[in-house]
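Here's upload31.cif, which has mmCIF, C-alpha atoms:
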```cif
data_work
#
loop_
_atom_site.label_atom_id
_atom_site.label_comp_id
_atom_site.auth_asym_id
_atom_site.auth_seq_id
_atom_site.Cartn_x
_atom_site.Cartn_y
_atom_site.Cartn_z
CA MET U 1 140.10 40.41 124.78
CA GLY U 2 140.53 39.82 121.08
CA THR U 3 138.72 37.72 118.49
CA VAL U 4 139.81 34.60 116.60
CA LEU U 5 138.42 33.34 113.28
CA ILE U 6 138.46 29.58 112.61
CA VAL U 7 138.17 28.70 108.90
CA ASP U 8 137.84 24.96 108.19
CA ASP U 9 135.25 22.87 106.32
CA ASN U 10 135.47 20.03 108.88
CA ASP U 11 132.50 20.65 111.19
CA ASP U 12 133.92 18.64 114.12
CA LEU U 13 137.33 20.32 114.00
CA ARG U 14 135.77 23.76 113.65
CA PHE U 15 133.58 23.11 116.70
CA SER U 16 136.47 21.74 118.79
CA LEU U 17 138.83 24.63 118.00
CA SER U 18 136.09 27.18 118.65
CA SER U 19 135.46 25.61 122.05
CA VAL U 20 139.16 25.90 122.96
CA VAL U 21 139.18 29.57 121.95
CA ARG U 22 136.12 30.28 124.11
CA ARG U 23 137.69 28.50 127.10
CA GLU U 24 140.72 30.78 126.72
CA ARG U 25 138.25 33.69 127.03
CA TYR U 26 138.68 35.07 123.52
CA GLY U 27 135.88 35.90 121.11
CA VAL U 28 135.46 33.45 118.25
CA GLU U 29 133.96 33.40 114.75
CA ALA U 30 133.84 30.35 112.47
CA ALA U 31 133.53 29.78 108.72
CA ALA U 32 133.43 26.68 106.50
CA THR U 33 134.38 28.42 103.23
CA GLY U 34 136.63 31.19 102.00
CA ARG U 35 133.64 33.30 101.02
CA GLU U 36 132.15 33.03 104.52
CA ALA U 37 135.55 33.92 106.00
CA LEU U 38 135.80 37.12 103.92
CA GLU U 39 132.26 38.12 104.88
CA ILE U 40 133.22 37.81 108.56
CA VAL U 41 136.49 39.70 108.11
CA HIS U 42 134.62 42.57 106.42
CA SER U 43 132.02 42.77 109.20
CA SER U 44 134.01 42.01 112.38
CA VAL U 45 137.28 43.04 114.01
CA ILE U 46 139.49 39.92 113.87
CA ASP U 47 142.92 39.59 115.51
CA LEU U 48 143.98 36.07 114.50
CA VAL U 49 142.86 33.60 111.80
CA PHE U 50 143.40 29.83 111.78
CA LEU U 51 142.98 29.05 108.09
CA ASP U 52 142.60 25.62 106.48
CA ILE U 53 144.73 25.29 103.37
CA GLY U 54 142.13 23.20 101.49
CA LEU U 55 138.70 24.87 101.46
CA PRO U 56 135.72 23.84 99.27
CA ASP U 57 135.70 27.09 97.29
CA THR U 58 139.32 28.26 97.34
CA ASP U 59 142.90 27.54 98.26
CA GLY U 60 143.68 28.84 101.75
CA ILE U 61 147.04 30.34 100.78
CA SER U 62 145.46 32.46 98.02
CA LEU U 63 142.95 33.77 100.59
CA ILE U 64 145.67 35.34 102.80
CA PRO U 65 146.22 38.46 100.60
CA GLU U 66 142.46 39.07 100.47
CA ILE U 67 142.23 38.93 104.27
CA LYS U 68 145.25 41.20 104.69
CA ALA U 69 143.77 43.69 102.24
CA VAL U 70 141.12 44.32 104.91
CA PHE U 71 143.37 44.04 108.02
CA PRO U 72 147.05 44.38 106.99
CA ASP U 73 148.34 43.44 110.47
CA ILE U 74 146.04 40.47 111.08
CA GLY U 75 147.75 37.24 112.18
CA VAL U 76 147.19 34.13 110.03
CA VAL U 77 148.08 30.53 110.97
CA MET U 78 147.66 27.85 108.30
CA LEU U 79 146.09 24.48 109.10
CA THR U 80 147.48 21.93 106.64
CA GLY U 81 147.58 18.20 106.16
CA ILE U 82 150.63 18.55 103.89
CA ASN U 83 153.87 18.42 105.86
CA ASP U 84 156.44 19.61 103.33
CA ALA U 85 158.82 22.57 103.05
CA LYS U 86 157.25 23.92 99.85
CA THR U 87 153.83 24.38 101.47
CA ALA U 88 155.39 26.02 104.52
CA VAL U 89 157.40 28.46 102.41
CA GLU U 90 154.39 29.35 100.24
CA SER U 91 152.31 30.02 103.37
CA LEU U 92 154.93 32.24 104.96
CA LYS U 93 155.58 34.10 101.69
CA ALA U 94 151.85 34.82 101.41
CA GLY U 95 151.91 36.41 104.86
CA ALA U 96 151.14 33.61 107.35
CA LEU U 97 152.81 33.81 110.78
CA ASP U 98 152.92 30.05 111.34
CA TYR U 99 151.38 26.76 110.30
CA ILE U 100 150.15 23.63 112.09
CA VAL U 101 150.24 20.21 110.43
CA LYS U 102 147.14 18.00 110.76
CA PRO U 103 146.46 15.91 112.70
CA PHE U 104 147.43 17.98 115.76
CA ASP U 105 146.34 17.82 119.39
CA LEU U 106 144.47 20.60 121.12
CA ILE U 107 147.41 21.31 123.43
CA GLU U 108 149.53 22.30 120.42
CA PHE U 109 146.70 24.47 119.11
CA ARG U 110 146.21 26.13 122.51
CA THR U 111 149.94 26.88 122.76
CA VAL U 112 150.03 28.61 119.35
CA LEU U 113 146.76 30.44 120.10
CA HIS U 114 148.01 31.74 123.46
CA ARG U 115 151.42 32.81 122.11
CA LEU U 116 150.10 34.73 119.11
CA MET U 117 147.11 36.31 120.86
CA GLN U 118 149.28 37.54 123.73
CA SER U 119 151.68 39.01 121.19
CA ARG U 120 148.81 40.66 119.33
CA LEU U 121 147.31 42.15 122.49
CA MET U 122 150.71 43.47 123.60
CA GLU U 123 151.04 45.20 120.21
CA LYS U 124 147.63 46.80 120.73
CA GLN U 125 148.58 48.04 124.20
CA ALA U 126 151.84 49.48 122.88
CA LEU U 127 149.91 51.18 120.08
CA LEU U 128 147.58 52.78 122.59
CA LYS U 129 150.53 54.15 124.61
CA ASN U 130 152.54 55.42 121.68
CA GLN U 131 149.90 56.73 119.29
CA HIS U 132 148.70 60.29 119.49
CA SER U 133 145.29 60.50 121.13
CA SER U 134 143.72 61.47 117.81
CA SER U 135 145.11 58.67 115.68
CA GLU U 136 141.71 57.01 115.26
CA SER U 137 140.81 59.14 112.24
CA LEU U 138 143.70 57.58 110.31
CA ILE U 139 142.38 54.04 110.74
CA CYS U 140 141.53 53.09 107.20
CA ALA U 141 140.26 49.95 105.52
CA CYS U 142 138.04 51.86 103.09
CA GLU U 143 139.20 53.39 99.82
CA PRO U 144 138.23 57.02 100.65
CA MET U 145 140.44 56.96 103.76
CA ARG U 146 143.31 55.36 101.85
CA LEU U 147 143.15 58.40 99.56
CA VAL U 148 143.20 60.68 102.60
CA LYS U 149 146.25 58.90 103.98
CA ALA U 150 148.03 59.21 100.62
CA ALA U 151 147.26 62.95 100.57
CA ILE U 152 148.64 63.32 104.11
CA MET U 153 151.92 61.67 103.09
CA ALA U 154 152.23 63.89 100.01
CA ALA U 155 151.37 67.09 101.91
CA ALA U 156 153.74 66.34 104.79
CA GLU U 157 156.87 66.82 102.68
CA VAL U 158 156.01 70.21 101.15
CA ASP U 159 154.99 73.63 102.47
CA SER U 160 152.07 74.18 100.09
CA PRO U 161 148.72 75.20 101.63
CA VAL U 162 146.23 72.43 102.39
CA LEU U 163 142.42 72.69 102.47
CA ILE U 164 140.62 69.95 104.41
CA THR U 165 136.88 69.67 103.83
CA GLY U 166 134.28 67.47 105.49
CA GLU U 167 131.36 67.30 107.91
CA THR U 168 131.72 68.16 111.58
CA GLY U 169 133.26 65.30 113.55
CA THR U 170 135.06 63.61 110.64
CA GLY U 171 138.54 64.36 112.02
CA LYS U 172 139.77 67.38 110.05
CA GLU U 173 141.98 68.69 112.86
CA ILE U 174 143.47 65.23 113.35
CA VAL U 175 144.48 65.13 109.69
CA ALA U 176 146.03 68.59 110.01
CA GLN U 177 148.08 67.37 112.98
CA ALA U 178 149.13 64.28 111.03
CA ILE U 179 150.40 66.45 108.17
CA HIS U 180 152.29 68.62 110.66
CA ARG U 181 153.90 65.64 112.42
CA GLY U 182 154.70 63.93 109.12
CA ARG U 183 157.53 66.29 108.22
CA SER U 184 160.86 64.46 108.04
CA LEU U 185 162.55 67.63 109.36
CA GLN U 186 161.72 69.57 112.52
CA SER U 187 158.01 70.43 112.39
CA GLY U 188 158.00 73.41 114.75
CA VAL U 189 154.81 74.26 116.62
CA PHE U 190 151.22 73.50 115.65
CA VAL U 191 148.98 76.52 116.29
CA LYS U 192 145.22 76.24 115.94
CA VAL U 193 142.95 79.22 115.28
CA ASP U 194 139.20 78.57 115.42
CA CYS U 195 137.73 81.12 113.03
CA GLY U 196 134.23 80.12 114.12
CA THR U 197 134.58 81.13 117.78
CA LEU U 198 136.56 84.39 117.57
CA SER U 199 134.57 87.56 116.99
CA ALA U 200 135.26 89.66 113.89
CA ASN U 201 136.69 92.40 116.14
CA LEU U 202 139.17 90.06 117.86
CA ILE U 203 140.31 87.73 115.12
CA GLU U 204 142.63 90.18 113.34
CA SER U 205 144.57 91.07 116.50
CA GLU U 206 144.64 87.41 117.60
CA LEU U 207 146.03 86.34 114.24
CA PHE U 208 148.41 89.17 113.45
CA GLY U 209 149.06 90.81 116.83
CA TYR U 210 149.20 94.54 117.38
CA ASP U 211 151.63 97.38 118.05
CA GLN U 212 151.51 99.63 121.07
CA GLY U 213 148.88 102.33 120.64
CA ALA U 214 146.94 100.47 117.92
CA PHE U 215 143.83 100.90 120.09
CA THR U 216 142.97 102.09 123.59
CA ASP U 217 144.06 98.97 125.49
CA ALA U 218 147.16 98.29 123.37
CA ARG U 219 149.76 99.41 125.96
CA SER U 220 152.57 97.25 124.52
CA ASN U 221 153.38 95.27 121.40
CA LYS U 222 151.78 91.83 121.19
CA LYS U 223 152.70 88.92 118.95
CA GLY U 224 149.86 87.29 117.08
CA LEU U 225 149.37 83.59 116.43
CA VAL U 226 150.93 83.93 112.96
CA GLU U 227 154.24 84.90 114.57
CA VAL U 228 153.90 82.17 117.20
CA ALA U 229 153.43 79.59 114.42
CA SER U 230 156.48 80.73 112.44
CA GLY U 231 158.66 77.73 111.69
CA GLY U 232 155.67 75.40 112.11
CA THR U 233 152.01 75.08 111.10
CA LEU U 234 149.11 77.52 111.36
CA PHE U 235 145.81 75.62 111.34
CA LEU U 236 142.80 77.77 110.47
CA ASP U 237 139.73 75.80 111.49
CA GLU U 238 136.36 76.75 109.97
CA ILE U 239 138.05 79.11 107.50
CA GLY U 240 134.64 79.85 105.96
CA ASN U 241 133.90 82.06 108.99
CA LEU U 242 136.90 84.33 108.40
CA PRO U 243 135.53 87.89 107.86
CA ILE U 244 135.63 88.94 104.21
CA ALA U 245 137.49 92.15 105.15
CA LEU U 246 140.34 90.14 106.67
CA GLN U 247 140.72 87.69 103.78
CA PRO U 248 143.06 89.91 101.67
CA LYS U 249 145.52 90.04 104.58
CA LEU U 250 145.54 86.24 104.80
CA LEU U 251 145.98 86.00 101.02
CA ARG U 252 149.02 88.29 101.25
CA LEU U 253 150.46 86.17 104.06
CA ILE U 254 150.17 83.04 101.90
CA GLU U 255 151.62 84.64 98.76
CA GLU U 256 154.41 86.77 100.26
CA SER U 257 154.99 85.25 103.73
CA THR U 258 154.75 88.77 105.20
CA PHE U 259 152.18 90.69 107.25
CA ARG U 260 151.78 93.74 109.46
CA ARG U 261 150.51 93.83 112.99
CA VAL U 262 147.36 95.82 113.69
CA GLY U 263 148.47 99.46 113.89
CA GLY U 264 151.97 98.56 112.71
CA LEU U 265 153.98 99.82 109.73
CA LYS U 266 156.78 97.21 109.77
CA GLU U 267 156.62 94.23 107.42
CA ILE U 268 157.21 91.02 109.39
CA LYS U 269 158.60 87.99 107.54
CA VAL U 270 157.52 84.52 108.66
CA HIS U 271 158.01 81.00 107.37
CA LEU U 272 155.08 78.68 108.06
CA ARG U 273 152.72 76.27 106.37
CA ILE U 274 149.01 77.02 106.40
CA ILE U 275 146.36 74.33 106.69
CA ALA U 276 142.71 75.38 106.56
CA ALA U 277 139.59 73.34 107.24
CA THR U 278 135.88 73.86 106.71
CA ASN U 279 132.57 72.02 106.90
CA SER U 280 130.92 74.54 104.57
CA ASP U 281 130.80 74.70 100.78
CA LEU U 282 133.34 77.42 100.00
CA GLU U 283 132.40 77.52 96.33
CA GLU U 284 128.83 78.35 97.35
CA GLU U 285 130.20 80.98 99.76
CA ILE U 286 132.13 82.49 96.81
CA ARG U 287 128.89 82.71 94.78
CA ARG U 288 127.25 84.52 97.70
CA GLY U 289 130.14 86.99 97.95
CA ARG U 290 131.22 85.82 101.41
CA PHE U 291 134.54 84.22 100.44
CA ARG U 292 137.21 85.42 98.04
CA GLU U 293 137.75 83.22 95.01
CA ASP U 294 141.50 84.00 94.85
CA LEU U 295 141.93 83.00 98.50
CA PHE U 296 140.08 79.74 97.87
CA TYR U 297 142.44 78.81 95.02
CA ARG U 298 145.53 79.66 97.11
CA LEU U 299 144.30 77.52 100.01
CA ASN U 300 143.14 74.64 97.82
CA VAL U 301 146.58 73.68 96.47
CA ILE U 302 146.38 70.31 98.24
CA PRO U 303 142.70 69.38 98.76
CA VAL U 304 141.84 66.68 101.31
CA ALA U 305 138.20 65.55 101.41
CA MET U 306 137.23 63.76 104.63
CA PRO U 307 134.53 61.11 104.10
CA ALA U 308 131.57 60.91 106.47
CA LEU U 309 131.59 57.93 108.83
CA ARG U 310 128.47 56.52 107.13
CA ASP U 311 130.61 56.23 103.97
CA ARG U 312 133.35 54.33 105.86
CA LYS U 313 131.46 51.11 106.57
CA ASP U 314 134.66 49.02 106.59
CA ASP U 315 136.19 51.33 109.22
CA ILE U 316 133.33 51.58 111.71
CA LEU U 317 134.08 48.33 113.56
CA LEU U 318 137.82 49.05 113.50
CA LEU U 319 137.20 52.46 115.06
CA ALA U 320 134.80 50.99 117.62
CA ASP U 321 137.36 48.36 118.58
CA TYR U 322 140.09 51.03 118.84
CA PHE U 323 137.94 53.23 121.09
CA LEU U 324 136.93 50.27 123.27
CA HIS U 325 140.58 49.34 123.88
CA ARG U 326 141.42 52.94 124.70
CA LEU U 327 138.45 53.38 127.03
CA ASN U 328 139.20 50.07 128.76
CA SER U 329 142.70 51.35 129.44
CA GLU U 330 141.59 54.80 130.60
CA MET U 331 138.76 53.54 132.84
CA LYS U 332 140.49 50.38 134.09
CA LYS U 333 137.72 48.20 132.64
CA ASN U 334 137.92 44.79 130.96
CA ILE U 335 135.08 44.77 128.43
CA ARG U 336 135.88 42.06 125.87
CA GLY U 337 134.01 43.33 122.84
CA PHE U 338 130.64 43.79 121.17
CA THR U 339 127.69 41.46 120.74
CA ASN U 340 126.67 40.48 117.20
CA GLY U 341 123.63 42.74 117.52
CA ALA U 342 125.87 45.66 118.48
CA HIS U 343 128.08 45.01 115.43
CA ASP U 344 125.01 45.10 113.17
CA ALA U 345 123.76 48.32 114.76
CA LEU U 346 127.16 50.04 114.48
CA ARG U 347 127.26 49.35 110.75
CA ALA U 348 123.58 50.16 110.10
CA TYR U 349 123.42 53.50 111.95
CA ASN U 350 123.81 56.70 109.89
CA TRP U 351 126.24 58.54 112.27
CA PRO U 352 125.23 62.18 111.67
CA GLY U 353 127.87 63.22 114.26
CA ASN U 354 130.55 61.05 112.61
CA ILE U 355 133.61 59.86 114.60
CA ARG U 356 132.93 62.25 117.48
CA GLU U 357 129.46 60.75 117.96
CA LEU U 358 130.84 57.19 117.85
CA ARG U 359 133.49 57.98 120.48
CA ASN U 360 130.99 59.71 122.79
CA LEU U 361 128.49 56.85 122.47
CA LEU U 362 131.09 54.23 123.38
CA GLU U 363 132.41 56.28 126.29
CA ARG U 364 128.90 56.44 127.75
CA GLU U 365 128.32 52.71 127.19
CA VAL U 366 131.64 51.73 128.80
CA ILE U 367 130.98 53.92 131.84
CA PHE U 368 127.63 52.28 132.57
CA SER U 369 128.34 48.73 131.34
CA GLN U 370 128.12 45.91 133.88
CA SER U 371 128.76 43.17 131.30
CA ASP U 372 131.76 41.65 129.50
CA TRP U 373 130.17 42.51 126.15
CA LEU U 374 128.66 45.77 124.92
CA SER U 375 125.18 45.26 123.46
CA LEU U 376 124.56 48.95 122.61
CA ALA U 377 120.86 48.37 123.35
CA GLY U 378 119.90 52.01 122.80
CA LEU U 379 121.60 52.19 119.40
CA THR U 380 120.18 48.81 118.36
CA ARG U 381 116.67 50.00 119.25
CA GLN U 382 117.19 53.28 117.37
CA VAL U 383 118.37 51.45 114.24
CA LYS U 384 115.41 49.07 114.41
CA GLU U 385 112.88 51.90 114.84
CA SER U 386 114.43 53.74 111.89
CA ALA U 387 114.21 50.59 109.76
CA ASP U 388 110.58 50.07 110.78
CA ARG U 389 109.70 53.61 109.70
CA THR U 390 111.15 53.06 106.23
CA SER U 391 110.32 49.38 105.84
CA VAL U 392 108.76 47.93 102.70
CA PRO U 393 105.69 45.65 102.78
CA PRO U 394 106.50 42.21 104.28
CA LEU U 395 107.60 39.36 102.01
CA THR U 396 105.43 36.35 101.38
CA LEU U 397 106.68 32.98 102.64
CA ALA U 398 107.72 32.01 99.12
CA GLU U 399 109.60 35.26 98.55
CA ALA U 400 111.41 34.90 101.87
CA GLU U 401 112.40 31.33 100.98
CA GLN U 402 113.67 32.43 97.56
CA GLN U 403 115.76 35.21 99.15
CA HIS U 404 117.21 32.77 101.68
CA ILE U 405 118.18 30.30 98.94
CA ARG U 406 119.86 33.08 96.94
CA ARG U 407 121.85 34.19 100.00
CA VAL U 408 123.05 30.64 100.69
CA LEU U 409 123.99 30.19 97.02
CA ASN U 410 125.96 33.42 97.12
CA ARG U 411 127.85 32.30 100.25
CA CYS U 412 128.64 28.99 98.57
CA GLY U 413 130.09 30.65 95.48
CA ASN U 414 127.07 29.54 93.40
CA ASN U 415 127.99 25.89 94.07
CA LYS U 416 124.55 24.26 93.94
CA SER U 417 125.69 20.96 95.50
CA GLU U 418 127.18 22.78 98.49
CA ALA U 419 124.13 25.05 98.79
CA ALA U 420 121.77 22.03 98.75
CA ARG U 421 123.87 20.43 101.52
CA VAL U 422 123.70 23.60 103.64
CA LEU U 423 119.94 23.90 103.05
CA GLY U 424 119.35 20.22 103.82
CA ILE U 425 117.61 19.48 100.50
CA SER U 426 118.52 17.51 97.39
CA ARG U 427 120.16 19.16 94.40
CA THR U 428 117.06 18.34 92.32
CA THR U 429 114.78 20.08 94.84
CA LEU U 430 117.05 23.09 94.84
CA ARG U 431 117.03 23.25 91.03
CA ASN U 432 113.23 23.03 90.99
CA LYS U 433 112.87 25.83 93.55
CA LEU U 434 115.22 28.08 91.61
CA SER U 435 113.33 27.52 88.36
CA ARG U 436 110.04 28.74 89.85
CA THR U 437 108.90 32.32 90.36
CA PRO U 438 107.01 33.08 93.60
CA ASN U 439 103.30 33.74 93.15
CA LYS U 440 102.81 36.94 95.15
CA LYS U 441 99.05 36.48 95.33
CA SER U 442 99.11 32.96 96.79
CA GLY U 443 102.49 33.03 98.52
CA LEU U 444 103.32 29.66 96.97
CA PHE U 445 105.78 28.44 94.30
#
```

Step by step, read the file and then write its structure as structure tokens.
Amino acid sequence: MGTVLIVDDNDDLRFSLSSVVRRERYGVEAAATGREALEIVHSSVIDLVFLDIGLPDTDGISLIPEIKAVFPDIGVVMLTGINDAKTAVESLKAGALDYIVKPFDLIEFRTVLHRLMQSRLMEKQALLKNQHSSSESLICACEPMRLVKAAIMAAAEVDSPVLITGETGTGKEIVAQAIHRGRSLQSGVFVKVDCGTLSANLIESELFGYDQGAFTDARSNKKGLVEVASGGTLFLDEIGNLPIALQPKLLRLIEESTFRRVGGLKEIKVHLRIIAATNSDLEEEIRRGRFREDLFYRLNVIPVAMPALRDRKDDILLLADYFLHRLNSEMKKNIRGFTNGAHDALRAYNWPGNIRELRNLLEREVIFSQSDWLSLAGLTRQVKESADRTSVPPLTLAEAEQQHIRRVLNRCGNNKSEAARVLGISRTTLRNKLSRTPNKKSGLF
């Protein structure tokens, strides 16, 4: 398992190295330019890059930071025809793991490939063993999740209340656990209360406990979850469902760190941090009189907004790869990865159920898969049917040709000579085609 990216403008070398990678049973992607390489890195999960130092559109060394901005732990090996110490040092300083001097034989390449890929896969296996089972939500290549991670680090070192908002399935509880575990000192216990499943009659006694005689069945004192969480974290999930009559008692707990059990007269002092989460609009609930404004402001000291998965395009393939490795381990399977069509479908789908839906889909696919590669046929079909329902009228031949030329030009960094070579036409022909506007009525230039 694992995927290698070969970046070199020499067609023969790129083909030969790709063939070696396939024979070693790894996935392979190939690019002739820096721009193509970055497009692949943004749309695929890559473990190791063999990167030519002299590319048509950029210097290979300057491309390393751009690649690592997407995958910070990706391995990069430079391919260079310059055998001098300065080049080696520059490559290593930029973040390369190694470099190979051209010309080299395929045995040398295979040795480096095998060594680094085995190391990379061992790191992944160790990560799966050591990470908490919910660590997937903290995978972040997109800017919104980088902001979430920064908020987690800031919140972890203080006791101020935290309010996590976001759609169902975005990983709000996982973030709460990450904040709890992030304390440099002893974190105590993590106690979850689901305000959406407890009835209004039960939630007060579950939270605050009760004294003997508080009601008919109260034959002895009982600690509530607030006392159990003392010294640690109380996580109030779906806080928007907390009964309005109980909200003043929670507000007092936050402000004074004291409470009374149901039927009790004694003030009980606790020390805990409160994290609340909701998928509802609390400000709208305030306008409707169903949530106290003062409680909202006390909870919202450190706000954390969880983005929907559809807004985390750069993370979807990373999450899918993470889940696949985990499921392979749990189910003793050896599925190597996803087909190109599956990658496209994963990124194109809207994910109304967010991370939870992605995980459940992949679990089902892994259980029933009889292939080395997941095609996600059902998801691919669903994405295509959705696109067909919202499709625009078809392009004319001339319009399609113009779009194709523009895409090739974009990939070539607007280098017309390179684009003409890729398209198999002369530079003059390319210039003529670009200067014409398609005639929509005739379909001709």

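Closest approach to Phe104 of chain U among U:Ala31, U:Val7, U:Leu79, U:Val191 is made by U:Leu79 (distances from all atoms listed in the file).
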
Given all atoms listed in the file as the counted atoms, nearest of U:His180, U:Lys416, U:Arg23, U:Lys192 to Ala154 of chain U: U:His180

Target residues per the PyMOL selection byres ((chain U and resi 346-357) around 10), formatted as a PyMOL selection string: chain U and resi 43+136-137+167-171+307-317+319-320+338+340-345+358-363+376+379-380+382-384+386-387

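Atom pair atom CA of Phe235 of chain U / atom CA of Leu265 of chain U: separated by 25.6 Å.
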
Residues selected by the PyMOL selection byres ((chain U and resi 70) around 10), written as a VMD selection string: chain U and resid 38 41 to 42 45 65 to 69 71 to 74 140 to 142 314 to 315

Among listed residues U:Ala151, U:Leu242, U:Ile82, U:Ile203, nearest Val304 of chain U (using all atoms listed in the file): U:Ala151

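Nearest-residue note for Tyr26 of chain U: choosing from U:Gly289, U:Gly413, U:Pro248, U:Gly337, the minimum distance belongs to U:Gly337, counting all atoms listed in the file.
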
Atomic distance atom CA of Val262 of chain U - atom CA of Leu234 of chain U, expressed in Å with one decimal: 18.5 Å

Atomic separation - atom CA of Val148 of chain U relative to atom CA of Val175 of chain U, Å: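 According to the coordinates, atom CA of Val175 of chain U and atom CA of Val148 of chain U are separated by 8.5 Å.
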
Output check: residues returned by the PyMOL selection byres ((chain U and resi 54) around 12), as a ChimeraX atom specification: /U:7-10,32-34,51-53,55-63,78-82,87,102

Which of U:Phe50, U:Phe259, U:Phe323, U:Phe15 sits closest to Ile64 of chain U [using all atoms listed in the file]: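 Closest to Ile64 of chain U, using all atoms listed in the file: U:Phe50.
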
Option closest in space to Ser199 of chain U, from U:Ser160, U:Gln118, U:Leu13, U:Pro243 [counting all atoms listed in the file]: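 Among U:Ser160, U:Gln118, U:Leu13, U:Pro243, it is U:Pro243 that comes nearest to Ser199 of chain U.
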
Give me the residues near segment 205-208 of chain U as a short mmCIF file (atom, residue, chain, number, x, y, z; two decimals) with C-alpha atoms, in the frame of the given file, where near means some atom within 9 Å (using only C-alpha atoms) and where sequence neighbours in that chain fewer than 3 positions away do not count.
```cif
data_model
loop_
_atom_site.label_atom_id
_atom_site.label_comp_id
_atom_site.auth_asym_id
_atom_site.auth_seq_id
_atom_site.Cartn_x
_atom_site.Cartn_y
_atom_site.Cartn_z
CA VAL U 193 142.95 79.22 115.28
CA LEU U 198 136.56 84.39 117.57
CA ASN U 201 136.69 92.40 116.14
CA LEU U 202 139.17 90.06 117.86
CA LYS U 222 151.78 91.83 121.19
CA LYS U 223 152.70 88.92 118.95
CA GLY U 224 149.86 87.29 117.08
CA LEU U 225 149.37 83.59 116.43
CA VAL U 226 150.93 83.93 112.96
CA GLU U 227 154.24 84.90 114.57
CA PHE U 259 152.18 90.69 107.25
CA ARG U 260 151.78 93.74 109.46
CA ARG U 261 150.51 93.83 112.99
CA VAL U 262 147.36 95.82 113.69
#
```

Nearby residues (only C-alpha atoms) at most 7 Å from Pro161 of chain U, same-chain spacing under 3 positions excluded, as a ChimeraX atom specification: /U:273-275,299-302

Working from the structure I just supplied, which lacks atoms in segment 246-257 of chain U, can you model N, CA and C atoms there and output them as a tab-separated table (two decimals), in the coordinates of the input?
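Okay, this is what ended up in part.tsv:
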```tsv
chain	number	residue	atom	x	y	z
U	246	LEU	N	139.03	90.61	106.22
U	246	LEU	CA	140.34	90.14	106.67
U	246	LEU	C	140.99	89.18	105.66
U	247	GLN	N	140.22	88.70	104.71
U	247	GLN	CA	140.72	87.69	103.78
U	247	GLN	C	141.87	88.18	102.90
U	248	PRO	N	141.90	89.46	102.45
U	248	PRO	CA	143.06	89.91	101.67
U	248	PRO	C	144.36	89.84	102.45
U	249	LYS	N	144.30	90.08	103.76
U	249	LYS	CA	145.52	90.04	104.58
U	249	LYS	C	146.05	88.61	104.69
U	250	LEU	N	145.12	87.63	104.78
U	250	LEU	CA	145.54	86.24	104.80
U	250	LEU	C	146.12	85.84	103.45
U	251	LEU	N	145.49	86.30	102.37
U	251	LEU	CA	145.98	86.00	101.02
U	251	LEU	C	147.41	86.52	100.85
U	252	ARG	N	147.67	87.72	101.35
U	252	ARG	CA	149.02	88.29	101.25
U	252	ARG	C	150.02	87.48	102.06
U	253	LEU	N	149.59	87.01	103.22
U	253	LEU	CA	150.46	86.17	104.06
U	253	LEU	C	150.86	84.91	103.30
U	254	ILE	N	149.89	84.28	102.63
U	254	ILE	CA	150.17	83.04	101.90
U	254	ILE	C	151.11	83.31	100.72
U	255	GLU	N	150.86	84.38	99.99
U	255	GLU	CA	151.62	84.64	98.76
U	255	GLU	C	153.01	85.22	99.02
U	256	GLU	N	153.14	86.06	100.05
U	256	GLU	CA	154.41	86.77	100.26
U	256	GLU	C	155.11	86.41	101.56
U	257	SER	N	154.45	85.63	102.41
U	257	SER	CA	154.99	85.25	103.73
U	257	SER	C	155.31	86.47	104.59
```
